[in-house]
Every structure is written in C-alpha cells, then in structure tokens.
Amino acid sequence: LLIARLSQVYGAGDTHNAYGPCRMVRQALEGGPIVVKGKGEERRDHIHIRDVVAILADLIDHEVTGILNVATGSSLSFLEVANKAHDVLPSSIEYEERQVPIKHRDFDISRLLEVCPWYKPSPMSFDDMIENHHG
C-alpha cells in the first residue's frame with residue numbers, strides 16, 4: 001500500500017478554485033485583482049500537476065509502499081505566489097481580511113528524494129493555465 005500525501009497541486013484544468021495559484025491566475029486572467037488573505041504571509045508547498053503525475057507513475061512502476069509526501073519541499077507565501085502571478089499577468093493585488101488563523105504547511109520530502117532521486121521540483125509556472133484559459 002502506498003499513501004501519497006500531496007501538497008497543494010496546481011496546473012491547467014483545475015476546477016476547484018481553492019485559494020492559491022490557480023485562483024490567483026484565474027483572477028488576473030479575468031481582469032480582476034489578485035486577492036490575498038491577510039498580508040499573504042501564510043505558506044504552502046505548491047506542486048505542479050506535471051510533477052505529481054511523473055512522481056506517481058515512478059512510484060507505481062517501482063512498487064513503492066508506505067507513506068510518502070509528494071511536494072516540492074519548499075513553501076512559498078501566498079503573497080509570493082500572487083507576485084509571481086502578477087509578474088506574468090499584470091493585475092493589481094488586493095488584501096482581504098483574514099477569516100481563519102495562519103497555518104503554514106511545510107513538507108519533508110527526504111523519503112521522496114530517496115525513492116525518486118531524479119526528482120527536481122519544477123519552478124512555479126503558470127504557462128499551461130494561461131494557454132488553456134477559456135475566459
């Protein structure tokens with residue numbers, strides 16, 4: 001049995017519109033402001049769907065078992081993500097009052113790197129989401 005614990009996944013085709021890269025890119029593509037909660041200081045580990053697919057295929061091929069974090073090992077604040085989206089899709093950034101306490105989510109990927117030594121996290125990119133936008 002393999003239990004793959006995924007960090008926040010982003011990429012083209014996302015439909016859940018959760019707070020993070022996909023929503024921020026969608027907001028900018030639709031001409032609105034990119035909305036950040038609080039000061040955007042909360043951190044998450046965002047992994048691109050292409051990395052997830054490659055990792056899971058390798059884990060299945062090698063019959064890896066146990067519990068494994070599938071993440072990049074590097075968390076960014078939501079403000080950093082908003083700024084990255086702003087860099088490629090100029091849009092204003094607005095701040096909204098935080099409704100819940102800050103909860104950073106960092107992942108240890110040491111076991112992932114042991115079983116997938118080839119893995120190098122892809123830099124955050126929104127190209128596929130921009131190309132596939134049907135606004």
# chains A, B, ... in the order shown; residues from 1 in each chain; ligands from 1
$ select_by_dssp --residues "range 22-110 of chain A" --states "strand (DSSP E)" --output "PyMOL selection string"
chain A and resi 34-37+43-44+46-48+66-70+76-77+93-96
$ residues_around --residues "range 106-117 of chain A" --least-positions-apart "2" --cutoff "8 Å" --atoms "only C-alpha atoms" --output "number ranges by chain"
A: 7, 43-45, 55, 58-59, 64, 68-75, 104, 119
$ write_last_selection --atoms "N, CA and C atoms" --output "compact mmCIF listing (two decimals), in the first residue's frame"
# COMPACT_ATOMS: atom_id res chain seq x y z
N SER A 7 0.89 17.80 -1.51
CA SER A 7 0.78 19.20 -1.10
C SER A 7 -0.23 19.85 -2.03
N ARG A 43 2.14 30.23 4.38
CA ARG A 43 2.96 29.48 3.42
C ARG A 43 2.32 28.13 3.06
N ARG A 44 2.50 27.76 1.80
CA ARG A 44 2.10 26.44 1.32
C ARG A 44 3.16 25.93 0.36
N ASP A 45 3.20 24.63 0.23
CA ASP A 45 4.06 23.97 -0.74
C ASP A 45 3.19 23.68 -1.96
N ILE A 55 5.90 11.72 -10.67
CA ILE A 55 6.28 11.05 -9.41
C ILE A 55 5.40 9.83 -9.18
N ASP A 58 6.26 6.92 -11.41
CA ASP A 58 7.50 6.27 -10.98
C ASP A 58 7.28 5.44 -9.73
N LEU A 59 6.53 5.95 -8.79
CA LEU A 59 6.26 5.21 -7.55
C LEU A 59 5.50 3.92 -7.84
N VAL A 64 6.60 1.20 -4.88
CA VAL A 64 6.95 1.82 -3.60
C VAL A 64 5.75 1.71 -2.66
N LEU A 68 4.24 8.64 1.93
CA LEU A 68 5.21 9.46 1.23
C LEU A 68 4.62 10.84 0.93
N ASN A 69 5.35 11.89 1.27
CA ASN A 69 4.94 13.24 0.91
C ASN A 69 5.32 13.51 -0.54
N VAL A 70 4.37 13.96 -1.32
CA VAL A 70 4.60 14.35 -2.71
C VAL A 70 4.46 15.87 -2.75
N ALA A 71 5.59 16.54 -2.76
CA ALA A 71 5.65 18.00 -2.64
C ALA A 71 6.97 18.48 -3.20
N THR A 72 7.21 19.78 -3.11
CA THR A 72 8.48 20.33 -3.60
C THR A 72 9.53 20.44 -2.50
N GLY A 73 9.05 20.47 -1.25
CA GLY A 73 9.96 20.66 -0.13
C GLY A 73 10.28 22.12 0.14
N SER A 74 9.62 23.01 -0.58
CA SER A 74 9.86 24.44 -0.42
C SER A 74 8.52 25.17 -0.45
N SER A 75 8.18 25.81 0.65
CA SER A 75 6.91 26.52 0.73
C SER A 75 7.08 27.99 0.38
N HIS A 104 0.79 27.49 8.51
CA HIS A 104 1.77 27.18 7.48
C HIS A 104 1.78 25.67 7.25
N TYR A 119 14.14 13.39 -9.04
CA TYR A 119 13.15 14.47 -8.91
C TYR A 119 13.78 15.81 -8.56
$ select_by_dssp --residues "chain A" --states "helix (DSSP H, G or I)" --output "ChimeraX atom specification"
/A:21-29,49-61,78-88,110-115,127-131
$ write_last_selection --atoms "C-alpha atoms" --output "PDB file, in the first residue's frame"
ATOM      1  CA  PRO A  21      -2.016  29.728  -7.665  1.00  0.00           C
ATOM      2  CA  CYS A  22      -4.989  28.604  -9.775  1.00  0.00           C
ATOM      3  CA  ARG A  23      -7.422  31.102  -8.278  1.00  0.00           C
ATOM      4  CA  MET A  24      -4.870  33.919  -8.453  1.00  0.00           C
ATOM      5  CA  VAL A  25      -4.081  33.254 -12.114  1.00  0.00           C
ATOM      6  CA  ARG A  26      -7.790  32.951 -12.895  1.00  0.00           C
ATOM      7  CA  GLN A  27      -8.481  36.279 -11.161  1.00  0.00           C
ATOM      8  CA  ALA A  28      -5.765  38.001 -13.200  1.00  0.00           C
ATOM      9  CA  LEU A  29      -6.865  36.377 -16.478  1.00  0.00           C
ATOM     10  CA  ILE A  49       0.389  18.579 -11.649  1.00  0.00           C
ATOM     11  CA  ARG A  50       3.078  17.503 -14.178  1.00  0.00           C
ATOM     12  CA  ASP A  51       5.458  16.758 -11.280  1.00  0.00           C
ATOM     13  CA  VAL A  52       2.739  14.862  -9.410  1.00  0.00           C
ATOM     14  CA  VAL A  53       1.970  12.664 -12.424  1.00  0.00           C
ATOM     15  CA  ALA A  54       5.653  11.883 -13.075  1.00  0.00           C
ATOM     16  CA  ILE A  55       6.279  11.051  -9.413  1.00  0.00           C
ATOM     17  CA  LEU A  56       3.183   8.850  -9.044  1.00  0.00           C
ATOM     18  CA  ALA A  57       3.980   6.960 -12.257  1.00  0.00           C
ATOM     19  CA  ASP A  58       7.501   6.273 -10.984  1.00  0.00           C
ATOM     20  CA  LEU A  59       6.260   5.206  -7.549  1.00  0.00           C
ATOM     21  CA  ILE A  60       3.766   2.797  -9.111  1.00  0.00           C
ATOM     22  CA  ASP A  61       6.356   1.422 -11.566  1.00  0.00           C
ATOM     23  CA  PHE A  78       0.609  33.377  -0.772  1.00  0.00           C
ATOM     24  CA  LEU A  79       1.968  36.895  -1.349  1.00  0.00           C
ATOM     25  CA  GLU A  80       4.988  35.396  -3.147  1.00  0.00           C
ATOM     26  CA  VAL A  81       2.606  33.359  -5.328  1.00  0.00           C
ATOM     27  CA  ALA A  82       0.471  36.456  -6.014  1.00  0.00           C
ATOM     28  CA  ASN A  83       3.593  38.389  -7.023  1.00  0.00           C
ATOM     29  CA  LYS A  84       4.653  35.585  -9.381  1.00  0.00           C
ATOM     30  CA  ALA A  85       1.191  35.668 -10.987  1.00  0.00           C
ATOM     31  CA  HIS A  86       1.374  39.472 -11.163  1.00  0.00           C
ATOM     32  CA  ASP A  87       4.766  39.269 -12.903  1.00  0.00           C
ATOM     33  CA  VAL A  88       3.303  37.320 -15.831  1.00  0.00           C
ATOM     34  CA  SER A 110      13.514  13.387   2.202  1.00  0.00           C
ATOM     35  CA  ARG A 111      11.886   9.983   1.602  1.00  0.00           C
ATOM     36  CA  LEU A 112      10.558  11.109  -1.779  1.00  0.00           C
ATOM     37  CA  LEU A 113      14.105  12.056  -2.793  1.00  0.00           C
ATOM     38  CA  GLU A 114      15.363   8.645  -1.621  1.00  0.00           C
ATOM     39  CA  VAL A 115      12.915   6.746  -3.825  1.00  0.00           C
ATOM     40  CA  ASP A 127       2.115  28.894 -18.743  1.00  0.00           C
ATOM     41  CA  ASP A 128      -0.215  25.910 -19.083  1.00  0.00           C
ATOM     42  CA  MET A 129      -3.023  27.691 -17.210  1.00  0.00           C
ATOM     43  CA  ILE A 130      -2.633  30.802 -19.360  1.00  0.00           C
ATOM     44  CA  GLU A 131      -2.565  28.763 -22.593  1.00  0.00           C
TER      45      GLU A 131
END
$ atom_distance --atom1 "CA of Ser125 in chain A" --atom2 "CA of Leu2 in chain A"
28.3 Å
$ residues_around --residues "Lys39 in chain A" --least-positions-apart "6" --cutoff "10 Å" --atoms "only C-alpha atoms" --output "ChimeraX atom specification"
/A:77-79,94-98
$ write_last_selection --atoms "all heavy atoms" --output "tab-separated table (two decimals), in the first residue's frame"
chain	number	residue	atom	x	y	z
A	77	SER	N	5.00	31.86	0.42
A	77	SER	CA	3.86	32.58	0.99
A	77	SER	C	2.86	32.85	-0.13
A	77	SER	O	3.23	32.91	-1.32
A	77	SER	CB	4.31	33.89	1.63
A	77	SER	OG	4.65	34.83	0.64
A	78	PHE	N	1.61	33.06	0.24
A	78	PHE	CA	0.61	33.38	-0.77
A	78	PHE	C	0.92	34.72	-1.44
A	78	PHE	O	0.62	34.91	-2.62
A	78	PHE	CB	-0.80	33.37	-0.17
A	78	PHE	CG	-1.32	31.98	0.05
A	78	PHE	CD1	-1.44	31.47	1.33
A	78	PHE	CD2	-1.68	31.17	-1.01
A	78	PHE	CE1	-1.91	30.19	1.54
A	78	PHE	CE2	-2.15	29.88	-0.83
A	78	PHE	CZ	-2.27	29.39	0.46
A	79	LEU	N	1.56	35.64	-0.72
A	79	LEU	CA	1.97	36.89	-1.35
A	79	LEU	C	3.04	36.64	-2.41
A	79	LEU	O	3.01	37.25	-3.49
A	79	LEU	CB	2.47	37.90	-0.31
A	79	LEU	CG	2.86	39.27	-0.86
A	79	LEU	CD1	1.71	39.92	-1.64
A	79	LEU	CD2	3.34	40.18	0.25
A	94	GLU	N	-4.89	42.88	-4.15
A	94	GLU	CA	-5.69	43.44	-3.07
A	94	GLU	C	-5.64	42.51	-1.86
A	94	GLU	O	-5.49	41.29	-2.00
A	94	GLU	CB	-7.14	43.64	-3.52
A	94	GLU	CG	-7.29	44.71	-4.57
A	94	GLU	CD	-8.73	44.98	-4.95
A	94	GLU	OE1	-9.65	44.37	-4.37
A	94	GLU	OE2	-8.93	45.81	-5.86
A	95	TYR	N	-5.80	43.10	-0.70
A	95	TYR	CA	-5.73	42.35	0.54
A	95	TYR	C	-7.12	42.28	1.18
A	95	TYR	O	-7.84	43.27	1.21
A	95	TYR	CB	-4.72	43.00	1.50
A	95	TYR	CG	-3.34	43.02	0.91
A	95	TYR	CD1	-2.92	44.04	0.07
A	95	TYR	CD2	-2.47	41.97	1.16
A	95	TYR	CE1	-1.66	44.03	-0.50
A	95	TYR	CE2	-1.19	41.95	0.59
A	95	TYR	CZ	-0.81	42.99	-0.24
A	95	TYR	OH	0.44	42.97	-0.80
A	96	GLU	N	-7.45	41.10	1.64
A	96	GLU	CA	-8.74	40.83	2.26
A	96	GLU	C	-8.51	40.40	3.70
A	96	GLU	O	-7.52	39.72	3.98
A	96	GLU	CB	-9.39	39.70	1.45
A	96	GLU	CG	-10.68	39.16	1.93
A	96	GLU	CD	-11.16	38.05	0.99
A	96	GLU	OE1	-11.68	38.39	-0.09
A	96	GLU	OE2	-11.00	36.87	1.34
A	97	GLU	N	-9.39	40.77	4.59
A	97	GLU	CA	-9.22	40.40	5.99
A	97	GLU	C	-9.19	38.88	6.16
A	97	GLU	O	-9.99	38.17	5.56
A	97	GLU	CB	-10.37	40.98	6.84
A	97	GLU	CG	-10.18	40.75	8.31
A	97	GLU	CD	-11.26	41.42	9.14
A	97	GLU	OE1	-11.85	42.42	8.67
A	97	GLU	OE2	-11.51	40.93	10.25
A	98	ARG	N	-8.25	38.43	6.94
A	98	ARG	CA	-8.11	37.01	7.22
A	98	ARG	C	-9.28	36.54	8.07
A	98	ARG	O	-9.64	37.18	9.04
A	98	ARG	CB	-6.78	36.77	7.95
A	98	ARG	CG	-6.59	35.37	8.45
A	98	ARG	CD	-5.22	35.16	9.04
A	98	ARG	NE	-4.18	35.35	8.04
A	98	ARG	CZ	-3.95	34.53	7.02
A	98	ARG	NH1	-4.69	33.47	6.88
A	98	ARG	NH2	-3.01	34.77	6.16
$ closest_residue --among "A:Gly11, A:Pro101, A:Gly66, A:Pro90" --to "Glu30 in chain A" --atoms "only C-alpha atoms"
A:Pro90
$ atom_distance --atom1 "CA of Gly20 in chain A" --atom2 "CA of Ser122 in chain A"
16.8 Å
$ atom_distance --atom1 "CA of Gln99 in chain A" --atom2 "CA of Arg5 in chain A"
26.0 Å
$ closest_residue --among "A:Leu76, A:Val35, A:Val9, A:Ala18" --to "Ser92 in chain A" --atoms "only C-alpha atoms"
A:Val35
$ closest_residue --among "A:Ile47, A:Ile34, A:Ala12, A:Met124" --to "Ser91 in chain A" --atoms "only C-alpha atoms"
A:Ile34
$ closest_residue --among "A:His48, A:Pro33, A:Asn17, A:Thr65" --to "Pro121 in chain A" --atoms "only C-alpha atoms"
A:His48
$ decode --residues "range 5-133 of chain A" --atoms "C-alpha atoms" --output "tab-separated table (two decimals), in the first residue's frame"
chain	number	residue	atom	x	y	z
A	5	ARG	CA	0.31	12.78	0.76
A	6	LEU	CA	0.03	15.58	-1.82
A	7	SER	CA	0.78	19.20	-1.10
A	8	GLN	CA	-1.30	21.86	-2.88
A	9	VAL	CA	-1.45	20.84	-6.54
A	10	TYR	CA	-1.84	23.46	-9.28
A	11	GLY	CA	-1.94	23.48	-13.08
A	12	ALA	CA	-4.20	23.66	-16.11
A	13	GLY	CA	-7.60	22.09	-15.76
A	14	ASP	CA	-8.03	22.94	-12.09
A	15	THR	CA	-11.72	23.39	-11.34
A	16	HIS	CA	-11.90	23.68	-7.56
A	17	ASN	CA	-10.83	27.36	-7.41
A	18	ALA	CA	-9.18	26.99	-3.99
A	19	TYR	CA	-7.13	29.86	-2.62
A	20	GLY	CA	-3.72	29.66	-4.26
A	21	PRO	CA	-2.02	29.73	-7.66
A	22	CYS	CA	-4.99	28.60	-9.78
A	23	ARG	CA	-7.42	31.10	-8.28
A	24	MET	CA	-4.87	33.92	-8.45
A	25	VAL	CA	-4.08	33.25	-12.11
A	26	ARG	CA	-7.79	32.95	-12.90
A	27	GLN	CA	-8.48	36.28	-11.16
A	28	ALA	CA	-5.77	38.00	-13.20
A	29	LEU	CA	-6.87	36.38	-16.48
A	30	GLU	CA	-10.41	37.60	-15.85
A	31	GLY	CA	-9.11	41.16	-15.41
A	32	GLY	CA	-9.79	41.40	-11.71
A	33	PRO	CA	-7.43	41.94	-8.82
A	34	ILE	CA	-5.46	39.08	-7.31
A	35	VAL	CA	-6.91	38.74	-3.81
A	36	VAL	CA	-4.59	37.85	-0.92
A	37	LYS	CA	-5.84	36.99	2.55
A	38	GLY	CA	-4.33	38.88	5.46
A	39	LYS	CA	-0.88	40.05	4.43
A	40	GLY	CA	-0.33	36.91	2.33
A	41	GLU	CA	2.18	35.60	4.87
A	42	GLU	CA	0.74	32.09	5.14
A	43	ARG	CA	2.96	29.48	3.42
A	44	ARG	CA	2.10	26.44	1.32
A	45	ASP	CA	4.06	23.97	-0.74
A	46	HIS	CA	2.65	24.24	-4.29
A	47	ILE	CA	3.47	21.41	-6.71
A	48	HIS	CA	2.65	21.37	-10.41
A	49	ILE	CA	0.39	18.58	-11.65
A	50	ARG	CA	3.08	17.50	-14.18
A	51	ASP	CA	5.46	16.76	-11.28
A	52	VAL	CA	2.74	14.86	-9.41
A	53	VAL	CA	1.97	12.66	-12.42
A	54	ALA	CA	5.65	11.88	-13.08
A	55	ILE	CA	6.28	11.05	-9.41
A	56	LEU	CA	3.18	8.85	-9.04
A	57	ALA	CA	3.98	6.96	-12.26
A	58	ASP	CA	7.50	6.27	-10.98
A	59	LEU	CA	6.26	5.21	-7.55
A	60	ILE	CA	3.77	2.80	-9.11
A	61	ASP	CA	6.36	1.42	-11.57
A	62	HIS	CA	8.75	0.73	-8.69
A	63	GLU	CA	6.03	-0.61	-6.38
A	64	VAL	CA	6.95	1.82	-3.60
A	65	THR	CA	4.96	1.31	-0.40
A	66	GLY	CA	4.37	3.28	2.78
A	67	ILE	CA	3.54	6.89	3.45
A	68	LEU	CA	5.21	9.46	1.23
A	69	ASN	CA	4.94	13.24	0.91
A	70	VAL	CA	4.60	14.35	-2.71
A	71	ALA	CA	5.65	18.00	-2.64
A	72	THR	CA	8.48	20.33	-3.60
A	73	GLY	CA	9.96	20.66	-0.13
A	74	SER	CA	9.86	24.44	-0.42
A	75	SER	CA	6.91	26.52	0.73
A	76	LEU	CA	6.04	29.96	-0.64
A	77	SER	CA	3.86	32.58	0.99
A	78	PHE	CA	0.61	33.38	-0.77
A	79	LEU	CA	1.97	36.89	-1.35
A	80	GLU	CA	4.99	35.40	-3.15
A	81	VAL	CA	2.61	33.36	-5.33
A	82	ALA	CA	0.47	36.46	-6.01
A	83	ASN	CA	3.59	38.39	-7.02
A	84	LYS	CA	4.65	35.58	-9.38
A	85	ALA	CA	1.19	35.67	-10.99
A	86	HIS	CA	1.37	39.47	-11.16
A	87	ASP	CA	4.77	39.27	-12.90
A	88	VAL	CA	3.30	37.32	-15.83
A	89	LEU	CA	-0.24	38.70	-15.74
A	90	PRO	CA	-0.13	42.32	-14.60
A	91	SER	CA	-3.04	42.87	-12.27
A	92	SER	CA	-3.48	44.67	-9.00
A	93	ILE	CA	-3.06	42.80	-5.72
A	94	GLU	CA	-5.69	43.44	-3.07
A	95	TYR	CA	-5.73	42.35	0.54
A	96	GLU	CA	-8.74	40.83	2.26
A	97	GLU	CA	-9.22	40.40	5.99
A	98	ARG	CA	-8.11	37.01	7.22
A	99	GLN	CA	-11.00	34.84	8.45
A	100	VAL	CA	-9.01	31.94	9.92
A	101	PRO	CA	-5.75	31.69	11.88
A	102	ILE	CA	-2.48	31.34	9.98
A	103	LYS	CA	-1.47	27.72	9.39
A	104	HIS	CA	1.77	27.18	7.48
A	105	ARG	CA	2.11	23.84	5.71
A	106	ASP	CA	5.62	22.63	5.02
A	107	PHE	CA	6.50	19.13	3.79
A	108	ASP	CA	9.56	16.98	4.41
A	109	ILE	CA	10.40	15.29	1.10
A	110	SER	CA	13.51	13.39	2.20
A	111	ARG	CA	11.89	9.98	1.60
A	112	LEU	CA	10.56	11.11	-1.78
A	113	LEU	CA	14.10	12.06	-2.79
A	114	GLU	CA	15.36	8.64	-1.62
A	115	VAL	CA	12.91	6.75	-3.83
A	116	CYS	CA	12.90	9.28	-6.70
A	117	PRO	CA	16.45	10.64	-6.74
A	118	TRP	CA	15.83	12.09	-10.22
A	119	TYR	CA	13.15	14.47	-8.91
A	120	LYS	CA	13.90	18.17	-9.18
A	121	PRO	CA	10.84	20.32	-8.43
A	122	SER	CA	9.69	22.40	-11.38
A	123	PRO	CA	9.86	26.15	-10.81
A	124	MET	CA	6.42	27.70	-10.36
A	125	SER	CA	4.99	28.43	-13.80
A	126	PHE	CA	1.53	29.38	-15.00
A	127	ASP	CA	2.12	28.89	-18.74
A	128	ASP	CA	-0.22	25.91	-19.08
A	129	MET	CA	-3.02	27.69	-17.21
A	130	ILE	CA	-2.63	30.80	-19.36
A	131	GLU	CA	-2.57	28.76	-22.59
A	132	ASN	CA	-5.68	26.79	-21.59
A	133	HIS	CA	-7.72	29.72	-20.26
